[in-house]
Every structure is written in structure tokens, then in C-alpha cells.
Amino acid sequence: MTEEAVKDQIETETSDILTDPETLIEHYERLRLLVDVMQTDVLKSQKGNKAAGTRLRKGLRQIKKFSGDFVKFSLGK
């Protein structure tokens with residue numbers, strides 16, 4: 001995905017992000033979106049951009065937290 005496409009997708013799904021996902025598919029889609037958003041920062045960080053590396057680590061922390069929530073939801077807790 002290009003950076004522009006990811007930004008467009010984020011804007012269209014912003015209202016969905018503010019609400020809690022109610023199904024496994026919604027959890028999975030949000031997790032996939034979080035990973036897609038980080039793609040640009042991965043590439044920039046690889047080229048030595050330190051700010052992109054910071055954003056990348058922040059994104060990884062968000063994914064870690066959301067993954068835990070996803071597991072709890074899938075277990076019915």
C-alpha cells in the first residue's frame with residue numbers, strides 16, 4: 001500500500017477506530033490496519049530516519065496492546 005492509500009484508509013476508518021470492535025473480523029481488520037500503517041515508517045527507519053524509528057516502536061507497542069485485547073476477546077473474556 002502506498003502512503004497516500006494508507007492515509008485515506010485511516011481517515012475513512014477513524015470513526016471505527018474510536019469504537020470497540022465487536023467481532024473477530026473487526027479485531028483482525030484493525031490489527032491489519034495497524035501493521036499497514038507502519039509500513040512507511042519501517043522503510044524510512046531502514047534508511048536511517050530516527051523519527052520514523054520512534055514512530056515504528058510506538059506502533060509496535062500499540063500492536064502489542066491491541067493483540068492482548070484481541071486474545072482476550074477471542075477467549076470470550
# chains A, B, ... in the order shown; residues from 1 in each chain; ligands from 1
call {"tool": "residues_around", "arguments": {"residues": "A:Lys72", "least_positions_apart": "5", "cutoff": "12 Å", "atoms": "only C-alpha atoms", "output": "PyMOL selection string"}}
result
chain A and resi 24+27+65-67+77
call {"tool": "residues_around", "arguments": {"residues": "A:Ile63", "least_positions_apart": "4", "cutoff": "8 Å", "atoms": "only C-alpha atoms", "output": "PyMOL selection string"}}
result
chain A and resi 31+34-35+59+67
call {"tool": "write_last_selection", "arguments": {"atoms": "N, CA and C atoms", "output": "PDB file, in the first residue's frame"}}
result
ATOM      1  N   LEU A  31      -6.185  -4.844  13.488  1.00  0.00           N
ATOM      2  CA  LEU A  31      -4.796  -5.263  13.656  1.00  0.00           C
ATOM      3  C   LEU A  31      -4.036  -5.148  12.336  1.00  0.00           C
ATOM      4  N   LEU A  34      -3.256  -1.535  11.616  1.00  0.00           N
ATOM      5  CA  LEU A  34      -2.131  -1.047  12.412  1.00  0.00           C
ATOM      6  C   LEU A  34      -0.800  -1.455  11.785  1.00  0.00           C
ATOM      7  N   VAL A  35      -0.731  -2.676  11.284  1.00  0.00           N
ATOM      8  CA  VAL A  35       0.501  -3.149  10.635  1.00  0.00           C
ATOM      9  C   VAL A  35       0.737  -2.396   9.329  1.00  0.00           C
ATOM     10  N   GLY A  59       4.241   2.313  17.289  1.00  0.00           N
ATOM     11  CA  GLY A  59       3.264   1.458  16.610  1.00  0.00           C
ATOM     12  C   GLY A  59       3.332   0.020  17.086  1.00  0.00           C
ATOM     13  N   SER A  67      -3.106  -6.596  20.450  1.00  0.00           N
ATOM     14  CA  SER A  67      -3.063  -8.058  20.318  1.00  0.00           C
ATOM     15  C   SER A  67      -3.541  -8.740  21.595  1.00  0.00           C
TER      16      SER A  67
END
call {"tool": "residues_around", "arguments": {"residues": "A:Ala52", "least_positions_apart": "2", "cutoff": "12 Å", "atoms": "only C-alpha atoms", "output": "ChimeraX atom specification"}}
result
/A:37-50,54-59
call {"tool": "atom_distance", "arguments": {"atom1": "atom CA of A:Arg61", "atom2": "atom CA of A:Asp36"}}
result
14.6 Å
call {"tool": "closest_residue", "arguments": {"among": "A:Leu33, A:Gly53, A:Tyr28, A:Thr19", "to": "A:Val71", "atoms": "only C-alpha atoms"}}
result
A:Tyr28
call {"tool": "atom_distance", "arguments": {"atom1": "atom CA of A:Glu29", "atom2": "atom CA of A:Phe70"}}
result
11.0 Å
